[in-house]
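Asker: mmCIF, C-alpha atoms, saved as entry21.cif, coming up:
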```
data_model
loop_
_atom_site.label_atom_id
_atom_site.label_comp_id
_atom_site.auth_asym_id
_atom_site.auth_seq_id
_atom_site.Cartn_x
_atom_site.Cartn_y
_atom_site.Cartn_z
CA MET A 703 -23.11 17.33 16.23
CA ARG A 704 -25.17 15.65 18.91
CA GLU A 705 -24.30 16.44 22.52
CA ASP A 706 -24.17 12.78 23.46
CA PHE A 707 -21.74 11.78 20.68
CA SER A 708 -18.84 11.17 23.07
CA LYS A 709 -21.02 9.32 25.56
CA ASN A 710 -22.42 7.07 22.83
CA LEU A 711 -18.93 6.32 21.60
CA PHE A 712 -17.70 5.34 25.05
CA ASP A 713 -20.83 3.25 25.61
CA LYS A 714 -20.08 1.38 22.41
CA ILE A 715 -16.44 0.82 23.40
CA GLU A 716 -17.61 -0.46 26.76
CA SER A 717 -20.51 -2.63 25.58
CA GLU A 718 -18.52 -4.24 22.75
CA ASN A 719 -15.44 -4.58 24.94
CA ILE A 720 -13.29 -2.85 22.34
CA ARG A 721 -9.58 -2.78 23.20
CA PRO A 722 -6.52 -1.40 21.42
CA ARG A 723 -4.88 -4.13 19.35
CA PRO A 724 -1.52 -5.16 20.83
CA ARG A 725 1.61 -3.59 19.39
CA TRP A 726 3.14 -6.93 18.41
CA GLU A 727 0.33 -7.50 15.87
CA PHE A 728 1.36 -4.38 13.97
CA LEU A 729 5.05 -5.20 14.26
CA LEU A 730 4.40 -8.73 13.00
CA LYS A 731 2.43 -7.42 10.04
CA ASN A 732 5.24 -5.02 9.20
CA TYR A 733 7.90 -7.74 9.47
CA PHE A 734 5.74 -10.05 7.36
CA ILE A 735 5.49 -7.47 4.55
CA TRP A 736 9.27 -6.86 4.60
CA SER A 737 9.97 -10.60 4.72
CA ALA A 738 7.60 -11.26 1.81
CA ALA A 739 9.33 -8.50 -0.17
CA LEU A 740 12.78 -9.97 0.52
CA VAL A 741 11.70 -13.55 -0.21
CA SER A 742 10.15 -12.54 -3.53
CA LEU A 743 13.31 -10.54 -4.33
CA LEU A 744 15.35 -13.71 -3.69
CA ILE A 745 13.06 -15.84 -5.88
CA GLY A 746 13.15 -13.21 -8.63
CA SER A 747 16.96 -13.25 -8.41
CA LEU A 748 16.99 -17.05 -8.65
CA ALA A 749 14.82 -16.76 -11.77
CA PHE A 750 17.35 -14.30 -13.18
CA THR A 751 20.15 -16.75 -12.30
CA SER A 752 18.32 -19.38 -14.35
CA VAL A 753 17.93 -16.93 -17.25
CA ILE A 754 21.70 -16.37 -17.23
CA TYR A 755 22.36 -20.11 -17.03
CA MET A 756 19.93 -20.96 -19.86
CA ILE A 757 21.37 -18.30 -22.14
CA LYS A 758 25.07 -18.48 -21.26
CA ASP A 759 25.46 -22.22 -20.75
CA GLY A 760 22.67 -23.25 -23.10
CA ASP A 761 22.54 -23.05 -26.81
CA MET A 762 24.36 -19.79 -27.37
CA ASP A 763 27.28 -21.79 -28.75
CA VAL A 764 24.86 -23.38 -31.22
CA LEU A 765 23.75 -20.05 -32.69
CA ARG A 766 26.99 -19.58 -34.59
CA HIS A 767 26.53 -22.97 -36.25
CA ILE A 768 23.07 -22.22 -37.57
CA ASP A 769 22.97 -20.98 -41.16
CA HIS A 770 19.25 -20.41 -41.41
CA GLY A 771 16.34 -20.06 -39.00
CA PHE A 772 18.56 -18.14 -36.57
CA LEU A 773 15.73 -15.86 -35.45
CA GLU A 774 13.22 -18.71 -35.15
CA PHE A 775 15.73 -20.62 -33.03
CA LEU A 776 16.30 -17.61 -30.81
CA VAL A 777 12.56 -17.01 -30.35
CA VAL A 778 11.95 -20.63 -29.31
CA ALA A 779 15.12 -20.88 -27.24
CA LEU A 780 14.49 -17.82 -25.05
CA PRO A 781 13.85 -18.94 -21.46
CA TYR A 782 10.27 -17.61 -21.27
CA PHE A 783 9.41 -19.57 -18.15
CA TRP A 784 12.17 -17.87 -16.18
CA LEU A 785 11.62 -14.46 -17.75
CA ILE A 786 7.92 -14.60 -16.82
CA SER A 787 8.77 -15.89 -13.32
CA MET A 788 11.23 -13.04 -12.88
CA ALA A 789 8.62 -10.48 -13.96
CA ILE A 790 5.97 -11.94 -11.61
CA PHE A 791 8.26 -11.99 -8.57
CA SER A 792 9.59 -8.52 -9.33
CA PHE A 793 6.00 -7.30 -9.32
CA ILE A 794 5.30 -9.09 -6.01
CA THR A 795 8.47 -7.56 -4.50
CA TYR A 796 7.45 -4.08 -5.61
CA TYR A 797 3.88 -4.61 -4.37
CA ASN A 798 5.20 -5.58 -0.93
CA PHE A 799 7.64 -2.67 -0.87
CA LYS A 800 4.73 -0.38 -1.66
CA HIS A 801 2.88 -1.61 1.41
CA THR A 802 5.74 -1.05 3.83
CA ARG A 803 5.34 1.73 6.37
CA GLY A 804 6.27 5.17 5.05
CA PHE A 805 6.71 4.00 1.43
CA TYR A 806 5.25 7.25 0.10
CA ARG A 807 7.85 9.29 2.03
CA ARG A 808 10.75 7.79 0.11
CA ASN A 809 11.92 8.84 -3.31
CA ILE A 810 9.74 7.08 -5.89
CA PHE A 811 12.85 5.77 -7.69
CA VAL A 812 14.42 4.16 -4.62
CA PHE A 813 12.51 0.87 -4.72
CA PRO A 814 12.61 0.31 -8.51
CA VAL A 815 16.39 0.94 -8.41
CA VAL A 816 16.86 -1.38 -5.40
CA LEU A 817 14.71 -4.00 -7.12
CA PHE A 818 16.55 -3.74 -10.45
CA PHE A 819 20.10 -3.78 -9.12
CA GLY A 820 19.23 -6.20 -6.28
CA THR A 821 17.92 -8.73 -8.80
CA ILE A 822 20.94 -8.34 -11.07
CA ILE A 823 23.58 -8.44 -8.32
CA LEU A 824 22.01 -11.38 -6.49
CA GLY A 825 21.31 -13.18 -9.79
CA VAL A 826 24.94 -12.92 -10.93
CA LEU A 827 26.15 -13.91 -7.46
CA PHE A 828 23.90 -16.98 -7.40
CA TYR A 829 25.01 -17.90 -10.91
CA ASN A 830 28.66 -17.72 -9.93
CA VAL A 831 28.17 -20.12 -7.01
CA GLY A 832 26.45 -22.61 -9.34
CA LEU A 833 22.82 -22.14 -8.34
CA GLY A 834 21.69 -21.79 -11.98
CA LYS A 835 22.85 -25.31 -12.79
CA ALA A 836 21.57 -26.66 -9.46
CA ILE A 837 18.06 -25.27 -10.05
CA ASP A 838 17.99 -26.57 -13.61
CA ASP A 839 19.17 -30.03 -12.58
CA ILE A 840 16.64 -30.27 -9.75
CA LEU A 841 13.74 -29.23 -11.99
CA ALA A 842 14.92 -31.39 -14.89
CA ASP A 843 15.19 -34.37 -12.55
CA ASN A 844 11.83 -33.91 -10.91
CA MET A 845 9.48 -31.74 -12.91
CA PRO A 846 7.09 -33.68 -15.18
CA PHE A 847 6.71 -31.02 -17.87
CA TYR A 848 10.22 -29.61 -17.73
CA GLY A 849 10.81 -30.06 -21.47
CA ARG A 850 7.58 -28.36 -22.45
CA VAL A 851 7.44 -25.61 -19.84
CA VAL A 852 10.83 -24.73 -18.37
CA ASN A 853 13.20 -25.63 -21.17
CA ARG A 854 11.43 -25.67 -24.51
CA ARG A 855 14.74 -25.72 -26.37
CA MET A 856 14.96 -29.44 -25.56
CA GLU A 857 12.11 -29.99 -28.00
CA ILE A 858 13.95 -28.16 -30.76
CA TRP A 859 16.46 -30.99 -30.76
CA GLN A 860 13.87 -33.65 -31.51
CA ASP A 861 13.09 -32.53 -35.03
CA PRO A 862 15.22 -34.11 -37.78
CA ASN A 863 13.03 -32.51 -40.44
CA ASN A 864 14.13 -29.15 -39.14
CA GLY A 865 17.77 -30.19 -39.15
CA MET A 866 18.39 -30.48 -35.39
CA VAL A 867 18.54 -33.68 -33.36
CA ALA A 868 19.97 -34.80 -30.04
CA GLY A 869 20.35 -38.18 -28.41
CA ARG A 870 22.63 -40.98 -27.28
CA ILE A 871 24.89 -42.89 -29.64
CA VAL A 872 23.81 -46.53 -29.51
CA LYS A 873 25.96 -47.78 -32.41
CA PHE A 874 29.08 -46.43 -34.03
CA VAL A 875 30.81 -47.61 -37.21
CA PRO A 876 33.23 -45.41 -39.16
CA GLY A 877 31.24 -42.80 -41.06
CA LYS A 878 27.94 -43.77 -39.52
CA ILE A 879 26.17 -43.75 -36.15
CA ILE A 880 22.76 -44.68 -34.84
CA ILE A 881 21.34 -42.50 -32.11
CA THR A 882 18.30 -42.84 -29.86
CA MET A 883 16.52 -39.54 -29.54
CA LEU A 884 14.57 -38.41 -26.47
CA SER A 885 11.44 -39.12 -28.48
CA ASN A 886 12.48 -42.81 -28.40
CA ASN A 887 12.99 -42.85 -32.16
CA GLU A 888 16.20 -44.27 -33.54
CA LEU A 889 17.91 -42.34 -36.28
CA ASN A 890 20.63 -43.33 -38.76
CA VAL A 891 23.18 -40.57 -39.07
CA ASP A 892 25.84 -40.19 -41.74
CA VAL A 893 28.78 -38.51 -40.01
CA SER A 894 31.31 -38.85 -42.81
CA LYS A 895 31.22 -35.14 -43.67
CA ALA A 896 30.54 -33.79 -40.17
CA GLU A 897 32.63 -31.31 -38.24
CA ILE A 898 32.92 -32.33 -34.59
CA PHE A 899 33.15 -29.72 -31.83
CA GLY A 900 34.13 -30.56 -28.24
CA THR A 901 33.07 -34.20 -28.20
CA GLU A 902 33.91 -37.55 -29.76
CA LEU A 903 31.84 -40.29 -31.32
CA LYS A 904 31.60 -43.20 -28.88
CA GLU A 905 28.74 -45.49 -27.95
CA GLY A 906 26.87 -44.14 -24.98
CA ARG A 907 27.97 -40.53 -25.65
CA MET A 908 25.19 -37.92 -25.79
CA ILE A 909 25.42 -35.41 -28.61
CA LYS A 910 23.60 -32.72 -30.58
CA ILE A 911 23.66 -32.79 -34.37
CA ILE A 912 22.93 -30.12 -36.98
CA GLY A 913 22.31 -31.40 -40.50
CA ILE A 914 19.70 -32.39 -43.09
CA LEU A 915 17.34 -35.37 -43.23
CA ASP A 916 17.73 -37.06 -46.59
CA ASP A 917 15.81 -40.23 -47.40
CA ASN A 918 15.56 -41.29 -43.73
CA ILE A 919 19.27 -40.80 -43.17
CA PHE A 920 20.35 -37.73 -41.30
CA GLN A 921 23.35 -36.11 -42.99
CA ALA A 922 25.31 -34.57 -40.12
CA ARG A 923 27.16 -31.32 -40.76
CA LYS A 924 28.06 -30.33 -37.23
CA ILE A 925 28.23 -32.42 -34.05
CA LEU A 926 28.23 -30.73 -30.63
CA PRO A 927 28.43 -32.02 -27.06
CA MET A 928 25.26 -32.35 -24.97
CA ARG A 929 25.74 -30.13 -21.96
CA GLY A 930 24.20 -27.22 -20.07
CA PRO A 931 20.52 -26.74 -19.31
CA GLY A 932 18.41 -29.88 -19.67
CA SER A 933 21.23 -32.32 -19.01
CA GLY A 934 19.33 -33.43 -15.89
CA LEU A 935 16.37 -34.31 -18.09
CA ILE A 936 18.56 -36.41 -20.36
CA ARG A 937 20.13 -38.21 -17.39
CA ARG A 938 16.65 -38.94 -16.05
CA PHE A 939 15.48 -40.22 -19.43
CA TYR A 940 18.30 -42.69 -20.00
CA LYS A 941 18.52 -43.73 -16.36
CA ASP A 942 14.82 -44.62 -16.20
CA ARG A 943 14.73 -46.20 -19.61
CA GLY A 944 15.73 -49.74 -18.62
CA PRO A 945 15.30 -52.76 -20.92
CA ARG A 946 11.84 -51.68 -22.07
CA VAL A 947 11.34 -48.55 -24.04
CA ARG A 948 9.46 -46.25 -21.70
CA LYS A 949 6.90 -43.72 -22.77
CA SER A 950 8.58 -40.77 -24.42
CA ILE A 951 9.11 -37.57 -22.49
CA PHE A 952 8.37 -35.73 -25.69
CA ARG A 953 5.72 -35.98 -28.37
CA GLN A 954 6.59 -38.44 -31.10
CA ASN A 955 7.85 -36.89 -34.27
CA LYS A 956 5.76 -37.67 -37.30
CA MET B 289 1.20 11.54 34.16
CA SER B 290 -1.73 13.91 34.40
CA LEU B 291 -3.36 15.23 31.28
CA ASN B 292 -4.83 18.62 30.53
CA GLN B 293 -5.87 20.63 27.48
CA ASP B 294 -2.25 21.50 26.73
CA SER B 295 -0.96 17.92 26.78
CA SER B 296 0.58 16.71 23.56
CA ASP B 297 -1.24 14.23 21.35
CA GLN B 298 1.58 11.73 21.89
CA ASP B 299 1.16 11.91 25.68
CA ILE B 300 -2.59 11.46 25.38
CA VAL B 301 -2.05 8.39 23.18
CA LYS B 302 0.34 6.86 25.71
CA ILE B 303 -2.05 7.41 28.61
CA SER B 304 -5.12 6.31 26.64
CA LEU B 305 -3.47 2.95 26.05
CA ILE B 306 -3.41 2.46 29.81
CA ASP B 307 -6.60 4.29 30.77
CA LYS B 308 -9.30 4.28 28.12
CA ASP B 309 -11.20 7.14 29.80
CA LYS B 310 -8.37 9.45 28.78
CA PHE B 311 -9.30 8.83 25.16
CA ILE B 312 -11.87 11.56 25.76
CA PHE B 313 -9.05 14.11 25.32
CA ILE B 314 -8.47 12.91 21.76
CA LEU B 315 -12.18 12.85 21.15
CA ASP B 316 -12.68 16.40 22.40
CA ARG B 317 -9.69 17.67 20.45
CA TYR B 318 -10.60 16.18 17.09
CA LYS B 319 -14.31 15.43 16.85
CA GLU B 320 -15.32 18.87 15.54
CA LYS B 321 -12.37 19.09 13.15
CA LEU B 322 -12.98 15.64 11.72
CA PHE B 323 -16.73 16.23 11.55
CA ASN B 324 -16.10 19.29 9.36
CA TYR B 325 -13.45 17.55 7.29
CA ILE B 326 -15.72 14.57 6.57
CA ARG B 327 -18.61 16.89 5.76
CA ARG B 328 -16.50 18.89 3.35
CA ILE B 329 -15.15 15.93 1.41
CA SER B 330 -18.13 13.59 1.56
CA GLY B 331 -21.21 15.77 1.42
CA LEU B 332 -23.02 13.31 3.71
CA ASP B 333 -25.88 14.40 6.00
CA ASN B 334 -25.11 15.05 9.67
CA GLU B 335 -26.45 11.73 10.89
CA SER B 336 -24.35 9.75 8.39
CA ILE B 337 -21.29 11.83 9.25
CA GLU B 338 -21.73 11.02 12.94
CA ASP B 339 -22.02 7.32 12.16
CA LEU B 340 -18.88 7.52 10.05
CA LEU B 341 -17.12 9.58 12.71
CA GLN B 342 -17.95 7.00 15.33
CA ASP B 343 -16.34 4.33 13.13
CA VAL B 344 -13.31 6.59 12.72
CA PHE B 345 -12.82 6.99 16.47
CA ILE B 346 -13.36 3.27 17.11
CA LYS B 347 -10.68 2.54 14.51
CA VAL B 348 -8.37 5.14 16.05
CA TYR B 349 -8.82 3.60 19.49
CA LYS B 350 -8.26 0.04 18.22
CA ASN B 351 -5.13 1.08 16.31
CA LEU B 352 -3.54 3.36 18.91
CA ASN B 353 -0.55 1.00 19.09
CA ASP B 354 0.01 1.46 15.36
CA TYR B 355 0.43 5.21 15.65
CA ASP B 356 3.76 6.12 14.09
CA ASN B 357 5.55 8.87 16.06
CA THR B 358 7.39 10.03 12.94
CA LEU B 359 4.27 11.78 11.70
CA LYS B 360 1.91 14.21 13.39
CA PHE B 361 -0.95 12.61 15.28
CA SER B 362 -3.34 14.94 13.47
CA SER B 363 -2.10 13.60 10.12
CA TRP B 364 -2.58 10.04 11.32
CA ILE B 365 -6.13 10.63 12.54
CA TYR B 366 -7.03 12.56 9.36
CA ARG B 367 -5.65 9.65 7.34
CA ILE B 368 -7.98 7.25 9.14
CA ALA B 369 -10.92 9.60 8.46
CA HIS B 370 -9.84 9.89 4.80
CA ASN B 371 -9.70 6.08 4.48
CA GLU B 372 -13.10 5.67 6.14
CA VAL B 373 -14.72 8.13 3.72
CA ILE B 374 -13.18 6.31 0.74
CA SER B 375 -14.20 2.90 2.07
CA ASN B 376 -17.73 4.17 2.86
CA TRP B 377 -17.90 5.49 -0.67
CA ARG B 378 -16.82 2.12 -2.11
CA LYS B 379 -19.09 0.14 0.21
CA ASN B 380 -22.17 2.11 -0.70
CA ASN B 381 -21.00 2.64 -4.26
CA VAL B 382 -21.86 6.29 -3.92
CA ARG B 383 -19.54 9.03 -5.06
CA PRO B 384 -19.00 11.71 -2.43
CA GLN B 385 -21.42 14.42 -3.36
CA ALA B 386 -21.93 18.09 -2.78
CA PHE B 387 -20.88 19.61 0.51
CA GLU B 388 -21.52 22.83 2.28
CA ILE B 389 -19.08 25.40 3.53
CA ASP B 390 -20.08 26.30 7.05
CA GLU B 391 -20.30 29.88 8.14
CA ASP B 392 -17.12 29.97 10.14
CA THR B 393 -14.99 28.54 7.35
CA ASN B 394 -12.15 30.85 6.45
CA ILE B 395 -12.09 31.01 2.65
CA GLU B 396 -9.83 34.05 2.31
CA TYR B 397 -6.75 31.87 2.00
CA PHE B 398 -8.49 29.79 -0.64
CA ILE B 399 -9.57 32.81 -2.66
CA SER B 400 -6.17 34.45 -2.43
CA GLU B 401 -4.52 31.32 -3.79
CA ILE B 402 -6.98 30.73 -6.59
CA LYS B 403 -7.41 34.36 -7.61
CA ALA B 404 -5.93 37.36 -5.85
CA ASP B 405 -8.80 39.81 -6.00
CA THR B 406 -8.69 42.83 -3.77
CA GLU B 407 -12.37 43.46 -3.28
CA VAL B 408 -14.40 40.34 -2.81
CA ASP B 409 -17.59 39.49 -0.98
CA TYR B 410 -16.49 36.41 0.93
CA ASN B 411 -19.99 35.32 1.85
CA LEU B 412 -20.96 35.31 -1.79
CA MET B 413 -17.72 33.51 -2.58
CA LYS B 414 -18.53 30.65 -0.21
CA GLU B 415 -21.60 29.76 -2.16
CA LYS B 416 -19.75 29.89 -5.47
CA ILE B 417 -16.85 27.84 -4.17
CA PHE B 418 -19.33 25.28 -2.94
CA VAL B 419 -20.80 24.99 -6.43
CA VAL B 420 -17.42 24.73 -8.13
CA LEU B 421 -15.82 22.28 -5.68
CA SER B 422 -18.89 20.05 -5.93
CA GLY B 423 -18.16 19.63 -9.62
CA LEU B 424 -14.59 18.43 -9.06
CA SER B 425 -13.46 14.83 -8.64
CA LEU B 426 -12.78 13.67 -5.08
CA LYS B 427 -8.98 13.64 -5.48
CA TYR B 428 -8.94 17.30 -6.58
CA ARG B 429 -11.59 18.39 -4.13
CA GLU B 430 -9.89 16.71 -1.19
CA VAL B 431 -6.45 18.13 -1.87
CA LEU B 432 -7.89 21.65 -2.22
CA ILE B 433 -9.88 21.25 0.99
CA LEU B 434 -6.88 19.91 2.91
CA LYS B 435 -4.64 22.71 1.69
CA TYR B 436 -6.92 25.73 1.78
CA LEU B 437 -9.76 24.94 4.16
CA GLU B 438 -8.02 22.59 6.63
CA GLU B 439 -4.80 24.59 6.13
CA LYS B 440 -2.50 21.56 6.10
CA ASP B 441 1.02 21.81 4.75
CA TYR B 442 2.42 19.58 1.99
CA GLN B 443 3.97 17.08 4.42
CA GLU B 444 0.69 16.71 6.28
CA ILE B 445 -1.30 16.23 3.06
CA SER B 446 1.30 13.67 1.98
CA ASP B 447 0.89 11.78 5.28
CA ILE B 448 -2.90 11.93 5.15
CA THR B 449 -3.28 10.75 1.57
CA LYS B 450 -0.14 8.51 1.60
CA LYS B 451 1.14 10.18 -1.54
CA SER B 452 4.65 11.55 -2.01
CA ILE B 453 5.15 15.30 -1.59
CA GLY B 454 5.95 15.55 -5.29
CA THR B 455 2.66 13.85 -6.16
CA VAL B 456 0.77 16.12 -3.76
CA SER B 457 2.38 19.16 -5.31
CA SER B 458 1.45 18.21 -8.87
CA LEU B 459 -2.02 17.08 -7.75
CA LEU B 460 -2.60 20.43 -6.11
CA SER B 461 -1.45 22.25 -9.21
CA ARG B 462 -3.81 20.20 -11.39
CA ALA B 463 -6.61 20.68 -8.86
CA LYS B 464 -6.23 24.46 -9.03
CA LYS B 465 -6.34 24.33 -12.80
CA ALA B 466 -9.40 22.06 -12.67
CA PHE B 467 -11.01 24.54 -10.26
CA ARG B 468 -10.39 27.44 -12.65
CA ASP B 469 -11.65 25.38 -15.61
CA GLU B 470 -14.78 24.56 -13.65
CA LEU B 471 -15.25 28.25 -12.92
CA SER B 472 -15.03 29.03 -16.63
CA SER B 473 -17.32 26.19 -17.68
CA LYS B 474 -19.95 27.31 -15.16
CA ASN B 475 -19.36 30.90 -16.17
CA ILE B 476 -18.76 31.92 -12.57
CA LYS B 477 -16.70 34.96 -11.75
CA ILE B 478 -15.00 35.39 -8.40
#
```
Since I need it in another form, could you write the structure as structure tokens?

Answerer:
Amino acid sequence: MREDFSKNLFDKIESENIRPRPRWEFLLKNYFIWSAALVSLLIGSLAFTSVIYMIKDGDMDVLRHIDHGFLEFLVVALPYFWLISMAIFSFITYYNFKHTRGFYRRNIFVFPVVLFFGTIILGVLFYNVGLGKAIDDILADNMPFYGRVVNRRMEIWQDPNNGMVAGRIVKFVPGKIIITMLSNNELNVDVSKAEIFGTELKEGRMIKIIGILDDNIFQARKILPMRGPGSGLIRRFYKDRGPRVRKSIFRQNK
Amino acid sequence: MSLNQDSSDQDIVKISLIDKDKFIFILDRYKEKLFNYIRRISGLDNESIEDLLQDVFIKVYKNLNDYDNTLKFSSWIYRIAHNEVISNWRKNNVRPQAFEIDEDTNIEYFISEIKADTEVDYNLMKEKIFVVLSGLSLKYREVLILKYLEEKDYQEISDITKKSIGTVSSLLSRAKKAFRDELSSKNIKI
């Protein structure tokens, strides 16, 4: 090593006016990493809250009424948006945990366990105080592609050919109703042989129907109330509709 | 507080933050050690090592306020050197290459851990170890160097490489196996 190494180093420190960075910069960075980890843990928990809400308050009650296509329904009805969001934010939380000071000194299972149980405990807690419904209502009220991105199960109910429709009753006569679906199409429904669960047939009432399309008349077998995830979207649709038929939120059924 | 050769690293850090001239104590205490460490893991020529070492000490000085008292200062400064070697390697896209074992390197500990021979010619061993270590990947080479040539304990290696003690332990075990495999593949006997 050269004799003048130390001298050169000090000359460089002097000439470039190099100073130790203040302590608060390091503290701030450390707080920022912890805060980012906690915020992403909270968001991941909120995503889990929405998963619980979508599954528990969504169409789980419908599953027992479906005779065929149970698996297909389940595959489409799974809340992918929230499951993916939960996975992304869990990864961000773990990434931030990994960059906290002294991470490597802790047991490697500590953070995954904290992350797993933290998400579950907070998610259940948030669900119990009603945040699942609140998040769904806010997004359904304001998010343009809610029906296609967040809550794809809403589209399942716009397909008479597949035996599942939802909408508002616009006309009721004994044995028959006419509903307006979210696709803006009107549909004649024969309800004479339908079983009705938890709702009644009145004009203005919003319902879900399981049945078969036969010669342009939908033969209802089971009629269920419209509630749970997506109800905000339905409110928005009928509230905004006005005297003119507005552009459909969904694709038109062919 | 006055400083002397027996002052603790922590005291020197505290005083250096107030009086930069006192940073010379850190420099004098670690420049040779870090020079050797960088040479052993990087295989760079002396001039490049000095350039890298200068960057290391500049970084140490700039980050003195980030020094965490819960770990040894030597571990912290070795970690900065370790990071600089890795970042130099990535920047220049050059894998750390062969290195040399200097004459005053104590390899007896290394030999005894790898193979407990009673009669060995240590000078001859140095050359062979140099050949074998050069053939190992950086992660294996570094952990062997830290353990047997720098004589760091598991906690220190963990703090330097920012890996858990368990990971260091299994890495070291795999590194020793890789070393023996390399010996066999090169048909070297020690």

Asker: Which residue, A:Leu730, A:Met788, A:Ile810, A:Leu744, has the smallest gap to chain B when you use all atoms listed in the file?

Answerer: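 For chain B, the nearest of the given residues is A:Ile810.
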
Asker: Can you list, as a count of residues only, the residues that the PyMOL selection byres ((chain A and resi 932) around 7) selects here?

Answerer: 10

Asker: Tell me, in Å to one decimal, how far atom CA of B:Gln342 is from atom CA of A:Leu711.

Answerer: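 Atom CA of A:Leu711 lies at a distance of 6.4 Å from atom CA of B:Gln342.
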
Asker: Please build the interface table for chain A against chain B with a cut-off of 12 Å, listing for each qualifying residue the nearest atom pair and the distance in Å to one decimal; count only C-alpha atoms, order rows by chain and increasing number, and write it as a tab-separated table.

Answerer:
```
residue	atom	partner	partner_atom	distance
A:Met703	CA	B:Asn334	CA	7.2
A:Arg704	CA	B:Glu338	CA	8.3
A:Glu705	CA	B:Glu338	CA	11.3
A:Asp706	CA	B:Glu338	CA	10.9
A:Phe707	CA	B:Glu338	CA	7.8
A:Ser708	CA	B:Leu315	CA	7.1
A:Lys709	CA	B:Ile312	CA	9.4
A:Asn710	CA	B:Gln342	CA	8.7
A:Leu711	CA	B:Gln342	CA	6.4
A:Phe712	CA	B:Asp309	CA	8.2
A:Asp713	CA	B:Asp309	CA	11.2
A:Lys714	CA	B:Ile346	CA	8.8
A:Ile715	CA	B:Ile346	CA	7.4
A:Glu716	CA	B:Lys308	CA	9.7
A:Glu718	CA	B:Ile346	CA	10.7
A:Asn719	CA	B:Lys350	CA	10.9
A:Ile720	CA	B:Lys350	CA	7.1
A:Arg721	CA	B:Lys350	CA	5.9
A:Pro722	CA	B:Lys350	CA	3.9
A:Arg723	CA	B:Lys350	CA	5.5
A:Pro724	CA	B:Asn353	CA	6.5
A:Arg725	CA	B:Asn353	CA	5.1
A:Trp726	CA	B:Asn353	CA	8.8
A:Glu727	CA	B:Asp354	CA	9.0
A:Phe728	CA	B:Asp354	CA	6.2
A:Leu729	CA	B:Asp354	CA	8.4
A:Leu730	CA	B:Asp354	CA	11.3
A:Lys731	CA	B:Asp354	CA	10.6
A:Asn732	CA	B:Asp354	CA	10.4
A:Lys800	CA	B:Lys450	CA	10.6
A:His801	CA	B:Lys450	CA	10.6
A:Thr802	CA	B:Lys450	CA	11.4
A:Arg803	CA	B:Asp356	CA	9.0
A:Gly804	CA	B:Lys450	CA	8.0
A:Phe805	CA	B:Lys450	CA	8.2
A:Tyr806	CA	B:Ser452	CA	4.8
A:Arg807	CA	B:Ser452	CA	5.6
A:Arg808	CA	B:Ser452	CA	7.5
A:Asn809	CA	B:Ser452	CA	7.9
A:Ile810	CA	B:Ser452	CA	7.8
A:Phe811	CA	B:Ser452	CA	11.5
```

Asker: What separation in Å, quoted to one decimal, exists between atom CA of A:Ala896 and atom CA of A:Gly913?

Answerer: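 Answer for the atom CA of A:Ala896 to atom CA of A:Gly913 separation: 8.6 Å.
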
Asker: Excluding A:Thr795 and residues on its chain fewer than 6 positions from it, collect all residues at most 9 Å away from it, counting all atoms listed in the file, and give them as a ChimeraX atom specification.

Answerer: /A:738-743,746,817

Asker: Dig up all the protein and nucleic acid residues within 10 Å of (-16.7, 17.2, 7.5) in the file frame, using all atoms listed in the file, and format them as a list in words.

Answerer: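 Residues close enough to count: Lys319, Glu320, Lys321, Leu322, Phe323, Asn324, Tyr325, Ile326, Arg327, Arg328, Ile329, Ser330, Gly331, Leu332, Asp333, Asn334, Ile337, Glu338, Leu341, Ala369, Phe387, Glu388, Ile389 and Asp390 of chain B.
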
Asker: For A:Phe920, which residue among A:Leu884, A:Val815, A:Val867, A:Leu824 is the nearest when counting only C-alpha atoms?

Answerer: A:Val867

Asker: What is the atom CA of A:Ala749-atom CA of A:Trp784 distance in Å, reported with one decimal?

Answerer: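 So the two atoms, atom CA of A:Ala749 and atom CA of A:Trp784, lie 5.3 Å apart.
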